[in-house]
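Visitor: Contents of my_file29.tsv (TSV, C-alpha atoms and all ligand atoms) are below:
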```
chain	number	residue	atom	x	y	z
Q	1	MET	CA	17.11	-38.42	-82.25
Q	2	GLU	CA	17.77	-36.42	-85.36
Q	3	ASP	CA	14.64	-37.19	-87.30
Q	4	LEU	CA	11.27	-38.95	-87.17
Q	5	SER	CA	12.43	-42.05	-89.04
Q	6	LEU	CA	14.79	-42.81	-86.13
Q	7	HIS	CA	11.97	-42.35	-83.60
Q	8	ILE	CA	9.81	-44.69	-85.70
Q	9	LEU	CA	12.54	-47.34	-85.71
Q	10	ASP	CA	12.88	-46.99	-81.95
Q	11	ILE	CA	9.13	-47.24	-81.26
Q	12	ALA	CA	8.84	-50.25	-83.59
Q	13	GLU	CA	11.70	-51.87	-81.65
Q	14	ASN	CA	9.44	-51.61	-78.59
Q	15	SER	CA	6.80	-53.54	-80.55
Q	16	ILE	CA	9.33	-56.24	-81.38
Q	17	ASN	CA	10.43	-56.42	-77.75
Q	18	ALA	CA	6.75	-56.84	-76.83
Q	19	GLY	CA	6.58	-59.93	-79.04
Q	20	ALA	CA	4.59	-58.40	-81.89
Q	21	THR	CA	4.17	-60.48	-85.05
Q	22	ASN	CA	2.43	-57.66	-86.88
Q	23	ILE	CA	3.47	-54.01	-86.98
Q	24	GLU	CA	1.70	-51.27	-88.91
Q	25	ILE	CA	3.55	-48.03	-89.48
Q	26	THR	CA	1.72	-45.05	-90.91
Q	27	ILE	CA	2.87	-41.52	-91.68
Q	28	ASP	CA	0.25	-39.03	-92.77
Q	29	GLU	CA	1.14	-35.55	-93.95
Q	30	ASP	CA	-1.78	-33.23	-94.46
Q	31	SER	CA	-0.75	-29.74	-95.43
Q	32	LYS	CA	-4.31	-28.37	-95.48
Q	33	GLN	CA	-4.80	-29.32	-91.84
Q	34	ASP	CA	-1.12	-28.60	-91.17
Q	35	VAL	CA	-0.75	-31.92	-89.38
Q	36	LEU	CA	1.76	-34.72	-89.51
Q	37	LYS	CA	0.60	-37.89	-87.83
Q	38	LEU	CA	2.67	-40.97	-87.03
Q	39	GLU	CA	1.09	-44.20	-85.96
Q	40	ILE	CA	2.85	-47.39	-84.92
Q	41	ALA	CA	0.40	-50.18	-84.13
Q	42	ASP	CA	1.33	-53.67	-83.00
Q	43	ASN	CA	-0.21	-56.90	-81.75
Q	44	GLY	CA	2.38	-57.37	-79.01
Q	45	SER	CA	1.80	-58.04	-75.32
Q	46	GLY	CA	0.25	-54.62	-74.68
Q	47	MET	CA	0.14	-52.68	-71.41
Q	48	ASP	CA	-2.45	-52.21	-68.72
Q	49	ALA	CA	-3.72	-48.72	-67.85
Q	50	THR	CA	-1.15	-48.13	-65.08
Q	51	SER	CA	1.74	-49.09	-67.32
Q	52	VAL	CA	0.50	-46.80	-70.09
Q	53	GLU	CA	0.34	-43.97	-67.60
Q	54	LYS	CA	3.89	-44.67	-66.49
Q	55	ALA	CA	5.24	-45.24	-69.98
Q	56	LEU	CA	5.88	-41.55	-70.59
Q	57	ASP	CA	7.93	-41.32	-67.43
Q	58	PRO	CA	11.60	-41.94	-68.24
Q	59	PHE	CA	11.99	-43.70	-64.91
Q	60	TYR	CA	9.62	-46.41	-66.01
Q	61	THR	CA	10.97	-49.35	-67.94
Q	62	THR	CA	10.53	-53.11	-67.85
Q	63	ARG	CA	13.95	-53.62	-69.32
Q	64	THR	CA	16.63	-55.03	-67.09
Q	65	THR	CA	19.82	-53.63	-68.60
Q	66	ARG	CA	19.18	-49.97	-67.73
Q	67	ARG	CA	16.93	-48.26	-65.20
Q	68	VAL	CA	15.42	-45.67	-67.50
Q	69	GLY	CA	13.32	-46.07	-70.63
Q	70	LEU	CA	13.82	-43.26	-73.08
Q	71	GLY	CA	12.08	-44.16	-76.31
Q	72	LEU	CA	8.56	-42.94	-75.56
Q	73	PRO	CA	9.62	-39.84	-73.56
Q	74	PHE	CA	11.86	-38.79	-76.47
Q	75	LEU	CA	9.01	-39.04	-78.97
Q	76	ASP	CA	6.69	-37.22	-76.56
Q	77	GLU	CA	9.20	-34.40	-76.32
Q	78	ALA	CA	9.60	-34.23	-80.11
Q	79	ALA	CA	5.83	-34.01	-80.60
Q	80	ARG	CA	5.35	-31.33	-77.95
Q	81	ALA	CA	8.18	-29.26	-79.40
Q	82	ALA	CA	6.20	-29.09	-82.65
Q	83	ASN	CA	2.88	-28.20	-81.08
Q	84	GLY	CA	1.71	-31.81	-81.08
Q	85	ARG	CA	1.18	-34.64	-78.66
Q	86	LEU	CA	1.75	-38.30	-78.01
Q	87	GLU	CA	-1.02	-40.73	-77.34
Q	88	ILE	CA	-0.74	-44.37	-76.32
Q	89	ASP	CA	-3.64	-46.71	-76.78
Q	90	SER	CA	-2.76	-50.09	-75.35
Q	91	HIS	CA	-4.58	-53.15	-74.11
Q	92	LEU	CA	-2.99	-56.01	-72.27
Q	93	GLY	CA	-2.90	-59.09	-74.44
Q	94	VAL	CA	-4.15	-57.20	-77.49
Q	95	GLY	CA	-1.53	-54.72	-78.59
Q	96	THR	CA	-0.42	-51.13	-78.60
Q	97	LYS	CA	-0.96	-48.12	-80.76
Q	98	VAL	CA	1.42	-45.19	-80.42
Q	99	ILE	CA	0.17	-42.03	-82.12
Q	100	ALA	CA	2.24	-38.88	-82.38
Q	101	THR	CA	0.99	-35.69	-83.98
Q	102	PHE	CA	3.01	-32.66	-85.01
Q	103	GLN	CA	2.24	-29.32	-86.56
Q	104	LEU	CA	3.54	-30.02	-90.05
Q	105	SER	CA	4.84	-26.50	-90.69
Q	106	HIS	CA	6.26	-25.96	-87.20
Q	107	ILE	CA	9.85	-24.77	-87.27
Q	108	ASP	CA	10.84	-27.30	-84.62
Q	109	ARG	CA	9.12	-30.24	-86.31
Q	110	LYS	CA	11.82	-32.81	-87.02
Q	111	PRO	CA	12.21	-33.88	-90.65
Q	112	ILE	CA	10.94	-37.33	-91.60
Q	113	GLY	CA	14.40	-38.63	-92.44
Q	114	ASN	CA	15.25	-41.87	-94.14
Q	115	MET	CA	12.29	-44.25	-93.98
Q	116	ALA	CA	13.91	-46.62	-96.48
Q	117	ASP	CA	16.71	-47.33	-93.99
Q	118	THR	CA	14.28	-47.63	-91.09
Q	119	ILE	CA	12.03	-50.19	-92.80
Q	120	THR	CA	15.01	-52.15	-94.14
Q	121	THR	CA	16.59	-52.27	-90.69
Q	122	LEU	CA	13.36	-53.51	-89.12
Q	123	ILE	CA	12.97	-56.26	-91.72
Q	124	ALA	CA	16.62	-57.29	-91.38
Q	125	GLY	CA	16.25	-57.65	-87.63
Q	126	ARG	CA	12.98	-59.58	-87.73
Q	127	PRO	CA	12.31	-60.95	-91.22
Q	128	GLU	CA	9.44	-63.11	-89.97
Q	129	VAL	CA	7.41	-60.20	-88.56
Q	130	ASP	CA	4.67	-58.76	-90.78
Q	131	ILE	CA	5.36	-55.10	-91.40
Q	132	THR	CA	2.97	-52.81	-93.22
Q	133	TYR	CA	4.17	-49.35	-94.07
Q	134	ARG	CA	2.18	-46.49	-95.52
Q	135	HIS	CA	3.29	-42.92	-96.04
Q	136	GLY	CA	0.64	-40.56	-97.32
Q	137	ARG	CA	1.13	-37.00	-98.38
Q	138	ASP	CA	-1.78	-34.91	-99.62
Q	139	GLY	CA	-3.37	-37.76	-101.53
Q	140	HIS	CA	-0.21	-39.50	-102.73
Q	141	THR	CA	1.02	-42.65	-101.03
Q	142	VAL	CA	4.01	-44.92	-100.62
Q	143	SER	CA	3.22	-48.35	-99.30
Q	144	LEU	CA	4.95	-51.61	-98.60
Q	145	SER	CA	3.84	-54.87	-97.08
Q	146	THR	CA	6.26	-57.62	-96.14
Q	147	LYS	CA	3.44	-60.13	-96.67
Q	148	GLU	CA	3.28	-59.11	-100.31
Q	149	ILE	CA	7.05	-59.20	-100.65
Q	150	ARG	CA	7.14	-62.66	-99.12
Q	151	ARG	CA	4.68	-63.82	-101.78
Q	152	GLN	CA	7.00	-62.40	-104.45
Q	153	VAL	CA	10.08	-64.18	-103.14
Q	154	ASP	CA	8.10	-67.37	-102.66
Q	155	GLY	CA	9.30	-68.60	-99.30
Q	156	VAL	CA	12.84	-67.22	-99.40
Q	157	SER	CA	13.67	-65.37	-96.17
Q	158	LEU	CA	13.57	-61.59	-96.44
Q	159	ASN	CA	16.81	-61.48	-94.51
Q	160	SER	CA	19.20	-61.69	-97.46
Q	161	ALA	CA	21.39	-58.71	-98.29
Q	162	GLU	CA	20.11	-58.72	-101.90
Q	163	THR	CA	16.43	-58.70	-100.97
Q	164	LEU	CA	17.01	-56.03	-98.32
Q	165	SER	CA	18.92	-53.93	-100.82
Q	166	PHE	CA	16.05	-54.24	-103.27
Q	167	ILE	CA	13.58	-53.14	-100.60
Q	168	ARG	CA	15.76	-50.16	-99.68
Q	169	GLN	CA	16.11	-49.03	-103.30
Q	170	TYR	CA	12.42	-49.46	-103.94
Q	171	LEU	CA	11.48	-47.35	-100.93
Q	172	GLU	CA	14.10	-44.69	-101.72
Q	173	GLN	CA	12.61	-44.38	-105.18
Q	174	GLU	CA	9.04	-44.21	-103.88
Q	175	GLU	CA	9.82	-41.72	-101.10
Q	176	HIS	CA	11.68	-39.59	-103.60
Q	177	SER	CA	8.73	-39.42	-105.96
Q	178	LEU	CA	6.42	-38.66	-103.05
Q	179	GLU	CA	8.64	-35.69	-102.26
Q	180	GLN	CA	8.26	-34.41	-105.82
Q	181	HIS	CA	4.52	-34.15	-105.30
Q	182	GLY	CA	4.99	-31.57	-102.50
F	1	MET	CA	16.84	-45.24	-114.56
F	2	SER	CA	13.60	-47.11	-115.03
F	3	LYS	CA	11.22	-47.42	-112.12
F	4	ILE	CA	11.45	-50.61	-110.07
F	5	THR	CA	8.34	-52.32	-108.83
F	6	ILE	CA	7.80	-54.97	-106.19
F	7	ASP	CA	7.20	-57.47	-109.02
F	8	ASP	CA	10.87	-57.09	-110.00
F	9	LEU	CA	11.73	-58.99	-106.82
F	10	ALA	CA	10.74	-62.20	-108.55
F	11	LYS	CA	13.74	-61.68	-110.86
F	12	ILE	CA	16.27	-61.93	-108.05
F	13	ARG	CA	14.33	-64.70	-106.33
F	14	GLU	CA	16.10	-67.69	-107.87
F	15	GLN	CA	19.52	-66.24	-107.19
F	16	THR	CA	18.57	-65.40	-103.62
F	17	ARG	CA	17.08	-68.83	-103.08
F	18	ARG	CA	20.32	-70.54	-104.10
F	19	GLN	CA	22.35	-68.35	-101.79
F	20	THR	CA	19.93	-68.79	-98.93
F	21	THR	CA	20.15	-72.55	-99.32
F	22	LEU	CA	23.91	-72.23	-99.16
F	23	ARG	CA	23.86	-70.64	-95.77
F	24	GLN	CA	20.89	-72.64	-94.54
F	25	GLY	CA	20.68	-73.07	-90.81
F	26	ALA	CA	22.86	-70.83	-88.76
F	27	GLY	CA	25.30	-69.47	-91.31
F	28	ARG	CA	28.99	-69.22	-90.60
F	29	VAL	CA	28.98	-65.73	-89.08
F	30	LYS	CA	26.29	-63.70	-87.37
F	31	MET	CA	26.64	-59.93	-87.11
F	32	THR	CA	24.25	-58.24	-84.71
F	33	VAL	CA	23.77	-54.48	-84.47
F	34	HIS	CA	22.30	-53.32	-81.16
F	35	MET	CA	19.15	-51.32	-81.80
F	36	GLY	CA	18.02	-49.92	-78.42
F	37	THR	CA	17.20	-46.24	-78.00
F	38	CYS	CA	20.77	-45.20	-77.19
F	39	GLY	CA	22.13	-47.28	-80.04
F	40	ILE	CA	19.72	-45.67	-82.50
F	41	ALA	CA	20.50	-42.19	-81.16
F	42	ALA	CA	24.22	-42.92	-81.56
F	43	GLY	CA	23.90	-44.02	-85.21
F	44	ALA	CA	23.15	-47.75	-85.05
F	45	ARG	CA	20.83	-47.61	-88.06
F	46	ASP	CA	23.57	-46.23	-90.30
F	47	ILE	CA	25.87	-48.98	-89.04
F	48	MET	CA	23.21	-51.55	-89.94
F	49	THR	CA	22.97	-50.07	-93.43
F	50	ALA	CA	26.77	-50.09	-93.78
F	51	VAL	CA	27.02	-53.73	-92.66
F	52	LEU	CA	24.27	-54.79	-95.10
F	53	LYS	CA	25.95	-52.93	-97.96
F	54	GLU	CA	29.35	-54.52	-97.24
F	55	VAL	CA	27.81	-57.98	-97.01
F	56	GLU	CA	25.97	-57.43	-100.28
F	57	THR	CA	28.82	-55.95	-102.31
F	58	ARG	CA	31.29	-58.56	-101.09
F	59	GLY	CA	28.79	-61.36	-101.68
F	60	LEU	CA	29.15	-62.82	-98.18
F	61	HIS	CA	26.36	-65.37	-98.36
F	62	ASP	CA	27.36	-67.20	-95.20
F	63	VAL	CA	26.95	-64.08	-93.05
F	64	ILE	CA	23.67	-63.39	-91.27
F	65	VAL	CA	22.99	-59.77	-90.35
F	66	THR	CA	20.45	-59.05	-87.66
F	67	ASN	CA	19.76	-56.67	-84.81
F	68	SER	CA	18.88	-56.99	-81.18
F	69	GLY	CA	17.88	-54.84	-78.25
F	70	CYS	CA	20.10	-52.64	-76.16
F	71	ALA	CA	23.16	-54.22	-74.62
F	72	GLY	CA	23.01	-51.92	-71.60
F	73	LEU	CA	26.21	-50.02	-72.33
F	74	CYS	CA	24.85	-46.77	-73.64
F	75	SER	CA	28.13	-44.87	-73.65
F	76	GLN	CA	29.68	-47.52	-75.89
F	77	GLU	CA	27.04	-47.37	-78.64
F	78	PRO	CA	26.85	-48.08	-81.51
F	79	MET	CA	27.74	-51.68	-80.79
F	80	LEU	CA	28.16	-54.67	-83.05
F	81	THR	CA	28.42	-58.29	-81.95
F	82	VAL	CA	30.15	-60.86	-84.12
F	83	GLU	CA	29.65	-64.58	-83.59
F	84	THR	CA	31.29	-67.25	-85.71
F	85	VAL	CA	30.67	-70.98	-85.65
F	86	ASP	CA	34.27	-71.78	-84.79
F	87	GLU	CA	34.55	-69.44	-81.82
F	88	PRO	CA	33.22	-70.25	-78.38
F	89	ALA	CA	32.08	-66.72	-77.46
F	90	PRO	CA	30.61	-63.69	-79.22
F	91	VAL	CA	32.79	-60.62	-79.55
F	92	LYS	CA	31.26	-57.22	-78.80
F	93	TYR	CA	32.66	-54.29	-80.71
F	94	VAL	CA	32.07	-50.81	-79.33
F	95	LEU	CA	31.85	-47.23	-80.63
F	96	ILE	CA	31.41	-48.58	-84.12
F	97	THR	CA	32.00	-46.44	-87.21
F	98	GLN	CA	31.65	-47.35	-90.89
F	99	GLU	CA	35.45	-47.62	-91.09
F	100	LYS	CA	35.48	-50.07	-88.19
F	101	VAL	CA	32.80	-52.14	-89.94
F	102	LYS	CA	35.09	-52.60	-92.95
F	103	LYS	CA	38.04	-53.56	-90.77
F	104	ILE	CA	35.98	-56.02	-88.73
F	105	ILE	CA	34.73	-57.71	-91.89
F	106	ASP	CA	38.23	-57.86	-93.42
F	107	SER	CA	39.84	-59.25	-90.34
F	108	HIS	CA	37.31	-61.03	-88.13
F	109	VAL	CA	34.57	-62.12	-90.51
F	110	LEU	CA	36.82	-63.13	-93.41
F	111	GLN	CA	39.96	-64.30	-91.61
F	112	GLY	CA	38.83	-65.13	-88.11
F	113	ASN	CA	41.11	-62.60	-86.44
F	114	VAL	CA	39.34	-60.61	-83.73
F	115	VAL	CA	40.07	-56.87	-83.98
F	116	LYS	CA	41.11	-56.52	-80.34
F	117	GLU	CA	41.50	-52.75	-80.40
F	118	PHE	CA	37.74	-52.29	-81.10
F	119	ALA	CA	36.49	-55.13	-78.92
F	120	LEU	CA	34.89	-54.67	-75.52
F	121	ALA	CA	35.56	-58.05	-74.04
F	122	VAL	CA	35.09	-61.61	-75.05
F	123	GLY	CA	31.96	-62.34	-73.04
F	124	SER	CA	29.78	-65.34	-72.72
F	125	GLU	CA	26.32	-63.95	-73.36
F	126	ARG	CA	24.64	-64.73	-76.66
F	127	THR	CA	22.47	-62.32	-78.63
F	128	ARG	CA	18.75	-62.97	-78.85
E	1	LIG	N1	4.65	-51.48	-78.03
E	1	LIG	C1	4.74	-51.80	-76.73
E	1	LIG	N2	4.11	-52.91	-76.24
E	1	LIG	C2	4.19	-53.23	-74.93
E	1	LIG	N3	4.88	-52.51	-74.01
E	1	LIG	C3	5.52	-51.39	-74.42
E	1	LIG	C4	5.47	-50.97	-75.80
E	1	LIG	N4	6.18	-49.84	-75.91
E	1	LIG	C5	6.65	-49.55	-74.69
E	1	LIG	N5	6.27	-50.49	-73.79
E	1	LIG	C6	6.59	-50.50	-72.34
E	1	LIG	O1	6.96	-49.19	-71.96
E	1	LIG	C7	8.29	-49.17	-71.42
E	1	LIG	C8	8.96	-47.87	-71.79
E	1	LIG	O2	9.25	-47.82	-73.20
E	1	LIG	P1	10.43	-46.89	-73.73
E	1	LIG	O3	10.60	-47.09	-75.19
E	1	LIG	O4	10.17	-45.50	-73.27
E	1	LIG	O5	11.70	-47.41	-72.95
E	1	LIG	P2	12.43	-48.83	-73.07
E	1	LIG	O6	12.04	-49.49	-74.35
E	1	LIG	O7	12.17	-49.55	-71.81
E	1	LIG	O8	13.97	-48.42	-73.13
E	1	LIG	P3	14.71	-47.63	-74.31
E	1	LIG	O9	13.66	-47.29	-75.33
E	1	LIG	O10	15.30	-46.44	-73.67
E	1	LIG	O11	15.73	-48.55	-74.88
E	1	LIG	C9	8.95	-50.43	-71.97
E	1	LIG	O12	9.95	-50.89	-71.10
E	1	LIG	C10	7.77	-51.40	-72.04
E	1	LIG	O13	7.52	-52.00	-70.79
E	2	MG	MG	12.14	-48.41	-76.22
```
Would it be possible to restate this file's structure as structure tokens?

Guide:
Amino acid sequence: MEDLSLHILDIAENSINAGATNIEITIDEDSKQDVLKLEIADNGSGMDATSVEKALDPFYTTRTTRRVGLGLPFLDEAARAANGRLEIDSHLGVGTKVIATFQLSHIDRKPIGNMADTITTLIAGRPEVDITYRHGRDGHTVSLSTKEIRRQVDGVSLNSAETLSFIRQYLEQEEHSLEQHG
Amino acid sequence: MSKITIDDLAKIREQTRRQTTLRQGAGRVKMTVHMGTCGIAAGARDIMTAVLKEVETRGLHDVIVTNSGCAGLCSQEPMLTVETVDEPAPVKYVLITQEKVKKIIDSHVLQGNVVKEFALAVGSERTR
């Protein structure tokens, strides 16, 4: 994966595959602490302790179309390469929280990438799922909640090309101004 | 350019509502981008963005764009499945590029002609 936004999309796809109806995606950049933290939390089926333990092993997967599961091992590798780590907090029947930390200034820390495309893609695939996104950077924040958007469009499905395009443009604008505050 | 806010969404709401009513139910065509780990690593998200942009700029209100999990053919990613109401089986397109997206929309989505050179096989499985 080229950047963190692609990892985030991939991890959130796991949440969708686990039947989540609510996904919370958080990026926190703290230059004082020199930490970048990603968190993807869902209310999907969750995993028991043994499955969590196995989840970082590429030879563990519950999927049936391929014998290896790569999403979590890839993110683990990306975090380690930037002096960080991956943590999975999951409870069967409750949900899963995937937390990845990185040293913000580390030369091998992948760039964040295009979060506007990642969030738009997630909404397009599952317009009925509640997605909350927050990207904080040294006190400034970008945030988006599909619940709020649904209120704005008053019952119209979020899965229309026009609405998705609006969401993409809005996030591009917000991410861009967040960058200016660097 | 003035700043857009989430409140501006209300402005496009009526228009969107009319179009959504038009394609109510299943829609005429469903385009599914496969979004498993290998698909994403191979560029599936950019394909999704390209498909959405084409559908928007061409005003294809009877086309539903969605994504699904991995199709299990990692070396063929990115993949795009096209299903139309008048065809019995979905068509899986492999090694998709933005150029292929345009061609598939021109030929398959708009005229009902499968682009055989990009297609994997006419299978029987449906997307999720
Ligand atoms: N959010 C989640 N909720 C419940 N189970 C999960 C979650 N994320 C991962 N898992 C479990 O961990 C396994 C490994 O996940 P991983 O993303 O590494 O691979 P995969 O999704 O199986 O395949 P790939 O990501 O390569 O397409 C999954 O098959 C699933 O059983
Ligand atoms: Mg996965």

Visitor: Using all atoms listed in the file, which residues of the polymer chains come no farther than 9 Å from ligand LIG 1 (chain E)? I'd like the answer as a PDB file with C-alpha atoms, in the frame of the given file.

Guide:
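Resulting contents of part_39.pdb:
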```pdb
ATOM      1  CA  ASP Q  10      12.880 -46.990 -81.950  1.00  0.00           C
ATOM      2  CA  ILE Q  11       9.130 -47.240 -81.260  1.00  0.00           C
ATOM      3  CA  ALA Q  12       8.840 -50.250 -83.590  1.00  0.00           C
ATOM      4  CA  GLU Q  13      11.700 -51.870 -81.650  1.00  0.00           C
ATOM      5  CA  ASN Q  14       9.440 -51.610 -78.590  1.00  0.00           C
ATOM      6  CA  SER Q  15       6.800 -53.540 -80.550  1.00  0.00           C
ATOM      7  CA  ILE Q  16       9.330 -56.240 -81.380  1.00  0.00           C
ATOM      8  CA  ASN Q  17      10.430 -56.420 -77.750  1.00  0.00           C
ATOM      9  CA  ALA Q  18       6.750 -56.840 -76.830  1.00  0.00           C
ATOM     10  CA  GLY Q  19       6.580 -59.930 -79.040  1.00  0.00           C
ATOM     11  CA  ALA Q  20       4.590 -58.400 -81.890  1.00  0.00           C
ATOM     12  CA  ILE Q  40       2.850 -47.390 -84.920  1.00  0.00           C
ATOM     13  CA  ALA Q  41       0.400 -50.180 -84.130  1.00  0.00           C
ATOM     14  CA  ASP Q  42       1.330 -53.670 -83.000  1.00  0.00           C
ATOM     15  CA  ASN Q  43      -0.210 -56.900 -81.750  1.00  0.00           C
ATOM     16  CA  GLY Q  44       2.380 -57.370 -79.010  1.00  0.00           C
ATOM     17  CA  SER Q  45       1.800 -58.040 -75.320  1.00  0.00           C
ATOM     18  CA  GLY Q  46       0.250 -54.620 -74.680  1.00  0.00           C
ATOM     19  CA  MET Q  47       0.140 -52.680 -71.410  1.00  0.00           C
ATOM     20  CA  SER Q  51       1.740 -49.090 -67.320  1.00  0.00           C
ATOM     21  CA  VAL Q  52       0.500 -46.800 -70.090  1.00  0.00           C
ATOM     22  CA  LYS Q  54       3.890 -44.670 -66.490  1.00  0.00           C
ATOM     23  CA  ALA Q  55       5.240 -45.240 -69.980  1.00  0.00           C
ATOM     24  CA  LEU Q  56       5.880 -41.550 -70.590  1.00  0.00           C
ATOM     25  CA  ASP Q  57       7.930 -41.320 -67.430  1.00  0.00           C
ATOM     26  CA  PRO Q  58      11.600 -41.940 -68.240  1.00  0.00           C
ATOM     27  CA  PHE Q  59      11.990 -43.700 -64.910  1.00  0.00           C
ATOM     28  CA  TYR Q  60       9.620 -46.410 -66.010  1.00  0.00           C
ATOM     29  CA  THR Q  61      10.970 -49.350 -67.940  1.00  0.00           C
ATOM     30  CA  THR Q  62      10.530 -53.110 -67.850  1.00  0.00           C
ATOM     31  CA  ARG Q  63      13.950 -53.620 -69.320  1.00  0.00           C
ATOM     32  CA  THR Q  64      16.630 -55.030 -67.090  1.00  0.00           C
ATOM     33  CA  ARG Q  66      19.180 -49.970 -67.730  1.00  0.00           C
ATOM     34  CA  ARG Q  67      16.930 -48.260 -65.200  1.00  0.00           C
ATOM     35  CA  VAL Q  68      15.420 -45.670 -67.500  1.00  0.00           C
ATOM     36  CA  GLY Q  69      13.320 -46.070 -70.630  1.00  0.00           C
ATOM     37  CA  LEU Q  70      13.820 -43.260 -73.080  1.00  0.00           C
ATOM     38  CA  GLY Q  71      12.080 -44.160 -76.310  1.00  0.00           C
ATOM     39  CA  LEU Q  72       8.560 -42.940 -75.560  1.00  0.00           C
ATOM     40  CA  PRO Q  73       9.620 -39.840 -73.560  1.00  0.00           C
ATOM     41  CA  PHE Q  74      11.860 -38.790 -76.470  1.00  0.00           C
ATOM     42  CA  LEU Q  75       9.010 -39.040 -78.970  1.00  0.00           C
ATOM     43  CA  ILE Q  88      -0.740 -44.370 -76.320  1.00  0.00           C
ATOM     44  CA  SER Q  90      -2.760 -50.090 -75.350  1.00  0.00           C
ATOM     45  CA  HIS Q  91      -4.580 -53.150 -74.110  1.00  0.00           C
ATOM     46  CA  LEU Q  92      -2.990 -56.010 -72.270  1.00  0.00           C
ATOM     47  CA  GLY Q  95      -1.530 -54.720 -78.590  1.00  0.00           C
ATOM     48  CA  THR Q  96      -0.420 -51.130 -78.600  1.00  0.00           C
ATOM     49  CA  LYS Q  97      -0.960 -48.120 -80.760  1.00  0.00           C
ATOM     50  CA  VAL Q  98       1.420 -45.190 -80.420  1.00  0.00           C
TER      51      VAL Q  98
ATOM     52  CA  MET F  35      19.150 -51.320 -81.800  1.00  0.00           C
ATOM     53  CA  GLY F  36      18.020 -49.920 -78.420  1.00  0.00           C
ATOM     54  CA  THR F  37      17.200 -46.240 -78.000  1.00  0.00           C
ATOM     55  CA  CYS F  38      20.770 -45.200 -77.190  1.00  0.00           C
ATOM     56  CA  GLY F  39      22.130 -47.280 -80.040  1.00  0.00           C
ATOM     57  CA  GLY F  69      17.880 -54.840 -78.250  1.00  0.00           C
ATOM     58  CA  CYS F  70      20.100 -52.640 -76.160  1.00  0.00           C
ATOM     59  CA  GLY F  72      23.010 -51.920 -71.600  1.00  0.00           C
TER      60      GLY F  72
END
```

Visitor: When you draw a straight line from atom CA of Val55 of chain F to atom CA of Ile4 of chain F, how long is it in Å?

Guide: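 Between these atoms lies a distance of 22.2 Å.
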
Visitor: Write out as a PyMOL selection string each polymer residue whose atoms come within 9 Å of Pro127 of chain Q, counting all atoms listed in the file; drop sequence neighbours fewer than 4 positions from it.

Guide: chain Q and resi 122-123+146+157-159

Visitor: As an exercise, work out the distance from atom CA of Asp86 of chain F to atom CA of Ser160 of chain Q in Å and give it to one decimal place.

Guide: 22.1 Å

Visitor: Show me, as a list in words, the residues that have an atom within 8 Å of Met1 of chain Q when counting only C-alpha atoms, minus same-chain residues fewer than 2 positions from it.

Guide: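 In the requested form, the answer reads Asp3, Leu4, Leu6, His7 and Phe74 of chain Q; Ile40 and Ala41 of chain F.
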
Visitor: May I ask which of the residues F:Gln76, F:Thr49, F:Ser2, F:Thr57 is the closest one to Val94 of chain F, counting only C-alpha atoms?

Guide: F:Gln76

Visitor: Please determine, counting all atoms listed in the file, which residue among Q:Asp34, Q:Glu87, Q:Asp28, Q:Glu2 has the shortest atom-to-atom distance to chain F.

Guide: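 Once distances to chain F are computed over all atoms listed in the file, the minimum belongs to Q:Glu2.
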
Visitor: What's the separation between atom CA of Glu77 of chain F and atom CA of Leu95 of chain F, in Å to one decimal place?

Guide: 5.2 Å

Visitor: Show me, as a short mmCIF file (atom, residue, chain, number, x, y, z; two decimals) with C-alpha atoms, in the coordinates of the input, the residues that have an atom within 7 Å of Asp138 of chain Q when counting all atoms listed in the file, minus same-chain residues fewer than 6 positions from it.

Guide:
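Result file follows (result02.cif):
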```cif
data_model
loop_
_atom_site.label_atom_id
_atom_site.label_comp_id
_atom_site.auth_asym_id
_atom_site.auth_seq_id
_atom_site.Cartn_x
_atom_site.Cartn_y
_atom_site.Cartn_z
CA GLU Q 29 1.14 -35.55 -93.95
CA ASP Q 30 -1.78 -33.23 -94.46
CA SER Q 31 -0.75 -29.74 -95.43
#
```

Visitor: What residues in chain F lie within 9 Å of chain Q, counting all atoms listed in the file, written as a PyMOL selection string?

Guide: chain F and resi 3-14+16-17+19-20+32-33+35-38+40-42+45-46+48-49+52-53+55-57+59-61+64-74

Visitor: Find, counting all atoms listed in the file, the residue in F:Ser75, F:Ile47, F:His34, F:Val63 that gets nearest to Lys92 of chain F.

Guide: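 Of the candidates, the smallest distance to Lys92 of chain F is held by F:His34.
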